[in-house]
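Asker: One file is attached below, entry.csv, containing CSV, C-alpha atoms.
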```csv
chain,number,residue,atom,x,y,z
B,1,MET,CA,6.6,-26.5,7.7
B,2,ILE,CA,4.8,-28.9,10.1
B,3,ASP,CA,6.8,-27.3,13.0
B,4,ILE,CA,5.5,-23.9,11.9
B,5,PHE,CA,1.9,-25.0,12.0
B,6,HIS,CA,2.4,-26.7,15.4
B,7,ILE,CA,4.1,-23.6,16.8
B,8,LEU,CA,1.3,-21.4,15.5
B,9,ARG,CA,-1.4,-23.7,16.8
B,10,ASP,CA,0.1,-23.7,20.3
B,11,ASN,CA,1.0,-20.0,20.6
B,12,TRP,CA,-1.4,-18.1,18.4
B,13,THR,CA,-2.9,-16.2,21.4
B,14,LEU,CA,0.5,-15.0,22.5
B,15,LEU,CA,1.3,-13.8,19.0
B,16,LEU,CA,-2.1,-12.2,18.7
B,17,ILE,CA,-2.7,-10.5,22.1
B,18,GLY,CA,0.3,-11.4,24.2
B,19,GLN,CA,-0.5,-12.5,27.8
B,20,TYR,CA,-3.8,-10.6,27.9
B,21,PRO,CA,-6.1,-10.9,30.0
B,22,ASN,CA,-3.7,-12.6,32.5
B,23,GLY,CA,-0.9,-10.1,31.7
B,24,PRO,CA,-0.2,-7.1,29.5
B,25,LEU,CA,-1.6,-6.8,26.0
B,26,GLY,CA,1.0,-7.6,23.4
B,27,GLY,CA,1.7,-9.4,20.1
B,28,LEU,CA,0.0,-8.3,16.9
B,29,ALA,CA,-2.5,-6.2,18.8
B,30,ILE,CA,0.3,-3.9,20.1
B,31,THR,CA,1.9,-3.7,16.7
B,32,LEU,CA,-1.3,-2.5,15.1
B,33,ILE,CA,-2.1,-0.1,18.0
B,34,LEU,CA,1.4,1.4,17.7
B,35,SER,CA,1.1,1.8,14.0
B,36,VAL,CA,-2.4,3.2,13.9
B,37,ALA,CA,-2.0,5.5,16.9
B,38,GLY,CA,1.5,6.7,15.7
B,39,LEU,CA,0.2,7.6,12.2
B,40,LEU,CA,-3.0,9.3,13.6
B,41,LEU,CA,-0.9,11.4,16.0
B,42,ALA,CA,1.7,12.1,13.3
B,43,PHE,CA,-0.8,13.3,10.7
B,44,PRO,CA,-1.5,16.8,12.0
B,45,VAL,CA,2.3,17.3,12.7
B,46,SER,CA,3.0,16.2,9.1
B,47,VAL,CA,0.5,18.6,7.7
B,48,LEU,CA,2.1,21.5,9.5
B,49,LEU,CA,5.6,20.4,8.4
B,50,ALA,CA,4.4,20.0,4.8
B,51,LEU,CA,2.8,23.5,4.8
B,52,GLY,CA,6.0,24.9,6.2
B,53,ARG,CA,8.0,23.0,3.6
B,54,VAL,CA,6.1,24.7,0.7
B,55,SER,CA,5.7,28.0,2.4
B,56,PRO,CA,7.0,31.1,0.6
B,57,LEU,CA,8.3,32.4,4.0
B,58,ALA,CA,11.8,31.3,4.7
B,59,ILE,CA,11.2,31.7,8.5
B,60,LEU,CA,8.7,28.8,8.2
B,61,ARG,CA,10.3,26.8,5.4
B,62,ALA,CA,13.8,26.6,6.9
B,63,PRO,CA,12.8,25.0,10.3
B,64,ALA,CA,10.5,22.5,8.5
B,65,ILE,CA,13.3,21.5,6.1
B,66,ALA,CA,15.7,21.1,9.0
B,67,ILE,CA,13.4,18.9,11.0
B,68,ILE,CA,12.4,16.7,8.1
B,69,TYR,CA,16.0,16.2,6.9
B,70,THR,CA,17.3,15.5,10.4
B,71,VAL,CA,14.7,13.0,11.3
B,72,ARG,CA,14.9,11.2,7.9
B,73,GLY,CA,18.7,11.2,8.0
B,74,VAL,CA,18.9,9.3,11.3
B,75,PRO,CA,18.4,5.4,11.5
B,76,LEU,CA,15.2,4.6,13.3
B,77,VAL,CA,16.9,2.4,15.9
B,78,MET,CA,19.2,5.2,16.9
B,79,PHE,CA,16.2,7.5,17.1
B,80,ILE,CA,14.5,5.0,19.5
B,81,PHE,CA,17.5,5.2,21.8
B,82,TRP,CA,17.5,9.0,21.7
B,83,VAL,CA,13.9,9.2,22.7
B,84,TYR,CA,14.3,6.4,25.3
B,85,PHE,CA,17.1,8.3,27.1
B,86,PHE,CA,16.2,11.9,26.4
B,87,VAL,CA,12.5,12.1,27.1
B,88,PRO,CA,12.9,11.0,30.8
B,89,LEU,CA,15.5,13.7,31.2
B,90,LEU,CA,13.2,16.2,29.6
B,91,ILE,CA,10.1,15.4,31.7
B,92,GLY,CA,11.9,14.2,34.9
B,93,THR,CA,10.3,10.8,35.1
B,94,THR,CA,10.7,7.4,33.4
B,95,ILE,CA,8.4,6.3,30.6
B,96,SER,CA,7.4,2.8,29.4
B,97,GLY,CA,8.8,1.2,26.3
B,98,PHE,CA,5.4,1.5,24.7
B,99,THR,CA,5.3,5.3,25.2
B,100,THR,CA,8.9,5.6,24.0
B,101,MET,CA,8.0,3.7,20.8
B,102,LEU,CA,4.9,5.7,20.3
B,103,VAL,CA,6.7,9.0,20.6
B,104,THR,CA,9.4,7.8,18.2
B,105,VAL,CA,6.8,6.6,15.6
B,106,VAL,CA,5.0,10.0,15.8
B,107,ILE,CA,8.1,12.0,15.2
B,108,TYR,CA,9.6,9.7,12.7
B,109,GLU,CA,6.5,9.2,10.6
B,110,ALA,CA,5.6,12.9,10.7
B,111,ALA,CA,8.7,13.6,8.8
B,112,TYR,CA,8.0,11.0,6.1
B,113,LEU,CA,4.3,11.8,5.8
B,114,ALA,CA,5.2,15.5,5.4
B,115,GLU,CA,7.2,14.6,2.3
B,116,VAL,CA,4.3,12.6,1.0
B,117,ILE,CA,1.9,15.5,1.6
B,118,ARG,CA,4.3,17.9,0.1
B,119,ALA,CA,4.5,15.8,-3.1
B,120,GLY,CA,0.7,15.8,-3.2
B,121,ILE,CA,0.6,19.6,-2.9
B,122,GLU,CA,3.2,20.2,-5.5
B,123,GLY,CA,1.5,17.7,-7.9
B,124,LEU,CA,-1.6,19.8,-8.2
B,125,PRO,CA,-2.0,22.2,-11.1
B,126,LYS,CA,-0.7,25.7,-10.3
B,127,GLY,CA,-3.8,27.2,-11.9
B,128,GLN,CA,-6.0,26.2,-9.0
B,129,VAL,CA,-3.9,28.2,-6.6
B,130,GLU,CA,-3.8,31.2,-9.0
B,131,ALA,CA,-7.5,31.0,-9.5
B,132,SER,CA,-8.3,30.9,-5.8
B,133,ARG,CA,-6.0,33.8,-5.1
B,134,ALA,CA,-7.6,35.8,-7.9
B,135,LEU,CA,-11.0,35.2,-6.2
B,136,GLY,CA,-9.6,36.9,-3.1
B,137,MET,CA,-8.9,33.9,-1.0
B,138,SER,CA,-6.0,34.2,1.4
B,139,TYR,CA,-3.0,31.8,1.4
B,140,LEU,CA,-4.3,29.8,4.3
B,141,GLN,CA,-7.8,29.6,2.8
B,142,THR,CA,-6.4,28.4,-0.5
B,143,MET,CA,-4.3,25.7,1.3
B,144,PHE,CA,-7.0,24.4,3.6
B,145,LYS,CA,-10.0,24.7,1.3
B,146,ILE,CA,-8.6,24.0,-2.2
B,147,VAL,CA,-5.1,22.4,-2.1
B,148,LEU,CA,-5.0,20.2,1.0
B,149,PRO,CA,-8.3,18.3,0.4
B,150,GLN,CA,-7.2,17.3,-3.1
B,151,ALA,CA,-3.6,16.6,-2.1
B,152,LEU,CA,-4.6,14.3,0.8
B,153,TYR,CA,-7.1,12.5,-1.3
B,154,ASN,CA,-4.6,11.9,-4.1
B,155,MET,CA,-1.9,10.7,-1.5
B,156,LEU,CA,-4.1,8.2,0.3
B,157,PRO,CA,-2.4,5.2,-1.4
B,158,ALA,CA,1.0,6.6,-0.4
B,159,MET,CA,-0.2,7.0,3.2
B,160,ILE,CA,-1.4,3.4,3.3
B,161,SER,CA,2.1,2.4,2.0
B,162,GLN,CA,3.6,4.4,4.8
B,163,PHE,CA,1.3,2.5,7.2
B,164,VAL,CA,2.8,-0.7,5.9
B,165,SER,CA,6.3,0.6,6.5
B,166,THR,CA,5.3,1.6,10.0
B,167,ILE,CA,4.1,-1.9,10.9
B,168,LYS,CA,7.5,-3.3,9.9
B,169,GLU,CA,9.3,-0.5,11.8
B,170,THR,CA,7.5,-1.2,15.1
B,171,SER,CA,9.4,-4.5,15.2
B,172,LEU,CA,12.4,-2.4,16.4
B,173,GLY,CA,10.5,-1.8,19.6
B,174,TYR,CA,11.9,-5.2,20.6
B,175,VAL,CA,15.2,-3.5,21.5
B,176,ILE,CA,13.5,-1.6,24.4
B,177,SER,CA,11.3,-4.5,25.4
B,178,VAL,CA,8.1,-3.3,23.8
B,179,ASN,CA,5.7,-6.3,23.9
B,180,GLU,CA,4.9,-6.3,20.2
B,181,LEU,CA,4.8,-9.1,17.6
B,182,THR,CA,8.6,-9.7,17.3
B,183,PHE,CA,9.0,-9.6,21.1
B,184,ALA,CA,6.2,-12.3,21.4
B,185,ALA,CA,8.0,-14.4,18.8
B,186,ASN,CA,11.2,-14.2,20.7
B,187,GLN,CA,9.3,-15.3,23.9
B,188,ILE,CA,8.2,-18.4,22.0
B,189,ASN,CA,11.7,-19.0,20.8
B,190,SER,CA,13.0,-18.7,24.4
B,191,THR,CA,10.5,-21.3,25.5
B,192,LEU,CA,11.2,-23.8,22.7
B,193,LEU,CA,15.0,-23.2,22.6
B,194,THR,CA,15.6,-25.7,19.8
B,195,LYS,CA,13.4,-24.3,17.0
B,196,PRO,CA,14.5,-20.7,16.2
B,197,PHE,CA,14.3,-21.2,12.4
B,198,PRO,CA,10.6,-22.2,12.2
B,199,VAL,CA,9.7,-19.5,14.8
B,200,PHE,CA,11.2,-16.7,12.9
B,201,VAL,CA,10.0,-18.0,9.5
B,202,MET,CA,6.5,-18.0,11.0
B,203,LEU,CA,7.1,-14.4,12.2
B,204,ALA,CA,8.2,-13.4,8.7
B,205,LEU,CA,5.1,-15.0,7.1
B,206,ILE,CA,2.8,-13.1,9.5
B,207,TYR,CA,4.4,-9.8,8.5
B,208,PHE,CA,4.4,-10.8,4.8
B,209,VAL,CA,0.7,-11.7,4.7
B,210,LEU,CA,-0.3,-8.6,6.7
B,211,CYS,CA,1.8,-6.2,4.6
B,212,SER,CA,0.8,-7.8,1.3
B,213,LEU,CA,-2.9,-7.4,2.0
B,214,LEU,CA,-2.4,-3.7,2.9
B,215,THR,CA,-0.2,-3.2,-0.2
B,216,GLN,CA,-2.8,-4.7,-2.5
B,217,PHE,CA,-5.4,-2.5,-0.9
B,218,ALA,CA,-3.2,0.6,-1.6
B,219,ARG,CA,-2.8,-0.5,-5.2
B,220,TRP,CA,-6.6,-0.9,-5.6
B,221,LEU,CA,-7.2,2.5,-4.0
B,222,GLU,CA,-4.6,4.1,-6.3
B,223,ARG,CA,-6.3,2.6,-9.4
B,224,ARG,CA,-9.7,3.9,-8.1
B,225,ILE,CA,-8.4,7.4,-7.5
B,226,ALA,CA,-6.7,7.4,-11.0
B,227,ARG,CA,-10.1,6.4,-12.6
B,228,ARG,CA,-11.9,9.2,-10.7
B,229,ARG,CA,-9.3,11.8,-11.6
B,230,SER,CA,-9.5,10.8,-15.3
B,231,GLY,CA,-13.3,11.0,-15.2
B,232,GLY,CA,-14.0,7.3,-14.9
B,233,PRO,CA,-16.7,5.4,-16.7
B,234,ARG,CA,-20.0,7.3,-17.1
B,235,THR,CA,-23.0,6.0,-15.2
B,236,ALA,CA,-26.0,4.8,-17.1
B,237,ALA,CA,-28.1,7.7,-15.9
B,238,ALA,CA,-25.4,10.2,-17.1
B,239,SER,CA,-25.3,8.4,-20.5
B,240,VAL,CA,-29.1,8.5,-20.9
B,241,ALA,CA,-29.2,12.2,-20.0
B,242,ASN,CA,-26.4,13.0,-22.3
B,243,ASP,CA,-28.0,11.1,-25.2
B,244,ALA,CA,-31.3,12.8,-24.5
B,245,GLY,CA,-29.6,16.2,-24.6
B,246,ASN,CA,-27.9,15.4,-27.9
B,247,ASN,CA,-31.2,14.3,-29.4
B,248,THR,CA,-32.9,17.5,-28.3
B,249,VAL,CA,-30.1,19.6,-29.8
B,250,ALA,CA,-30.3,17.6,-33.1
B,251,ALA,CA,-34.1,18.0,-33.2
B,252,THR,CA,-33.8,21.7,-32.6
B,253,THR,CA,-31.2,22.1,-35.3
B,254,ALA,CA,-33.3,20.2,-37.8
B,255,ALA,CA,-36.4,22.3,-37.1
```
Once you've parsed the file, please lay out its structure as structure tokens.
Answerer:
Amino acid sequence: MIDIFHILRDNWTLLLIGQYPNGPLGGLAITLILSVAGLLLAFPVSVLLALGRVSPLAILRAPAIAIIYTVRGVPLVMFIFWVYFFVPLLIGTTISGFTTMLVTVVIYEAAYLAEVIRAGIEGLPKGQVEASRALGMSYLQTMFKIVLPQALYNMLPAMISQFVSTIKETSLGYVISVNELTFAANQINSTLLTKPFPVFVMLALIYFVLCSLLTQFARWLERRIARRRSGGPRTAAASVANDAGNNTVAATTAA
């Protein structure tokens, strides 16, 4: 344990930001940048895939299902290699490991987020869709004004959980030399040579603490959403107003 504290004390900047400002940005900073940017860019793609997944039109539903099942059925490390070798052939120029990992995360997480959003859409009462259609709203208006806002709100905890998974998945960027947290830990191990166990225990602890904090936040958010969906506790003002209304009704009835 003492070795872990010493290693962390001597190398915390490398783990946090890599060699920046004397070299490229790396470490935990790149891990978080990859995770956040990947999910933000994947989000609109996942919404389109989810809408295609629940579409009544087979011409939209079939391609969405094929994309989602194909991406989810391939191991992430294999998908990284596919992107690493295929994208340069497609665009005619080489790309960095960071760009490769970002493209991989966007495509991979879009498929998983699409299923999360689909579950949120299908979890809403059917009566809301029927009522909006009865009011003359089109299918797209119903989806974007009625269904999606509620589904996305209800699925926020699941999206945060997916963010936690993304943070752990970025560690595979090590195989294509992306300078993220795992790569930084391996640099430290290559320097020390004789202390691989404390180095990688320290790495595991960093991932554990970060992911545990985000998981606890997701659970708190889930409980908050559940309370709001069930009506939640009444505010003092609402209670007073309700009591006043009841008293008025009672007085009127007595008169």
Asker: Calculate how many Å separate CA of Phe197 (chain B) from CA of Ser171 (chain B), rounding to one decimal.
Answerer: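 Taking CA of Phe197 (chain B) as the start and CA of Ser171 (chain B) as the end point, the length is 17.6 Å.
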Asker: Taking only residues of region 70-125 of chain B that have an atom at most 9 Å from an atom of region 49-57 of chain B, what is each one's shortest atom pair and its distance in Å to one decimal, using only C-alpha atoms, in chain and number order, as a tab-separated table?
Answerer:
```
residue	atom	partner	partner_atom	distance
B:Ala110	CA	B:Leu49	CA	7.8
B:Ala111	CA	B:Leu49	CA	7.5
B:Leu113	CA	B:Ala50	CA	8.3
B:Ala114	CA	B:Ala50	CA	4.6
B:Glu115	CA	B:Ala50	CA	6.6
B:Val116	CA	B:Ala50	CA	8.3
B:Ile117	CA	B:Ala50	CA	6.1
B:Arg118	CA	B:Ala50	CA	5.1
B:Ala119	CA	B:Ala50	CA	8.9
B:Ile121	CA	B:Val54	CA	8.3
B:Glu122	CA	B:Val54	CA	8.2
```
Asker: With all atoms listed in the file as the counted atoms, please give the residues lying no more than 7 Å from region 180-192 of chain B, apart from itself and same-chain residues fewer than 5 positions off, as a PyMOL selection string.
Answerer: chain B and resi 14-15+18+26-28+30-31+171+174+199+203
Asker: So how far away is CA of Phe144 (chain B) from CA of Ala62 (chain B), in Å?
Answerer: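 These two atoms are separated by 21.2 Å.
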Asker: Rounded to one decimal place, report the CA of Ser165 (chain B)-CA of Met78 (chain B) distance in Å.
Answerer: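 Distance reported for this atom pair: 17.2 Å.
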Asker: Calculated over all atoms listed in the file, which of the candidates B:Thr166, B:Ser177, B:Thr100, B:Asn11 has the smallest distance to Cys211 (chain B)?
Answerer: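 The shortest atom-to-atom distance to Cys211 (chain B) comes from B:Thr166.
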Asker: Kindly indicate which residue among B:Thr170, B:Ser46, B:Ser230, B:Ser161 lies nearest to Thr215 (chain B), using only C-alpha atoms for the distances.
Answerer: B:Ser161
Asker: Once 6 Å is added on each side, what centre and edge lengths in Å to one decimal does the axis-aligned box around all listed atoms of region 18-36 of chain B have, as AutoDock Vina command-line options?
Answerer:
```
--center_x -2.1 --center_y -4.7 --center_z 23.2 --size_x 20.0 --size_y 27.8 --size_z 30.6
```
Asker: Using all atoms listed in the file, can you tell me which of B:Leu172, B:Phe98, B:Pro198, B:Val209 comes closest to Leu25 (chain B)?
Answerer: B:Phe98
Asker: For each of B:Ala218, B:Val105, B:Val164, B:Leu124, take the minimum atom-to-atom distance to Leu39 (chain B), counting all atoms listed in the file, then give the residue where this is smallest.
Answerer: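 Between B:Ala218, B:Val105, B:Val164, B:Leu124, the residue approaching Leu39 (chain B) most closely is B:Val105.
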Asker: At a cut-off of 9 Å, using all atoms listed in the file, what residues contact Asn154 (chain B)? Leave out same-chain residues fewer than 4 positions from it and give the result as a PDB file with C-alpha atoms, in the frame of the given file.
Answerer:
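Once written, around34.pdb looks like this:
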```
ATOM      1  CA  GLY B 120       0.700  15.800  -3.200  1.00  0.00           C
ATOM      2  CA  PRO B 149      -8.300  18.300   0.400  1.00  0.00           C
ATOM      3  CA  GLN B 150      -7.200  17.300  -3.100  1.00  0.00           C
ATOM      4  CA  ALA B 158       1.000   6.600  -0.400  1.00  0.00           C
ATOM      5  CA  GLU B 222      -4.600   4.100  -6.300  1.00  0.00           C
ATOM      6  CA  ILE B 225      -8.400   7.400  -7.500  1.00  0.00           C
ATOM      7  CA  ALA B 226      -6.700   7.400 -11.000  1.00  0.00           C
ATOM      8  CA  ARG B 229      -9.300  11.800 -11.600  1.00  0.00           C
TER       9      ARG B 229
END
```
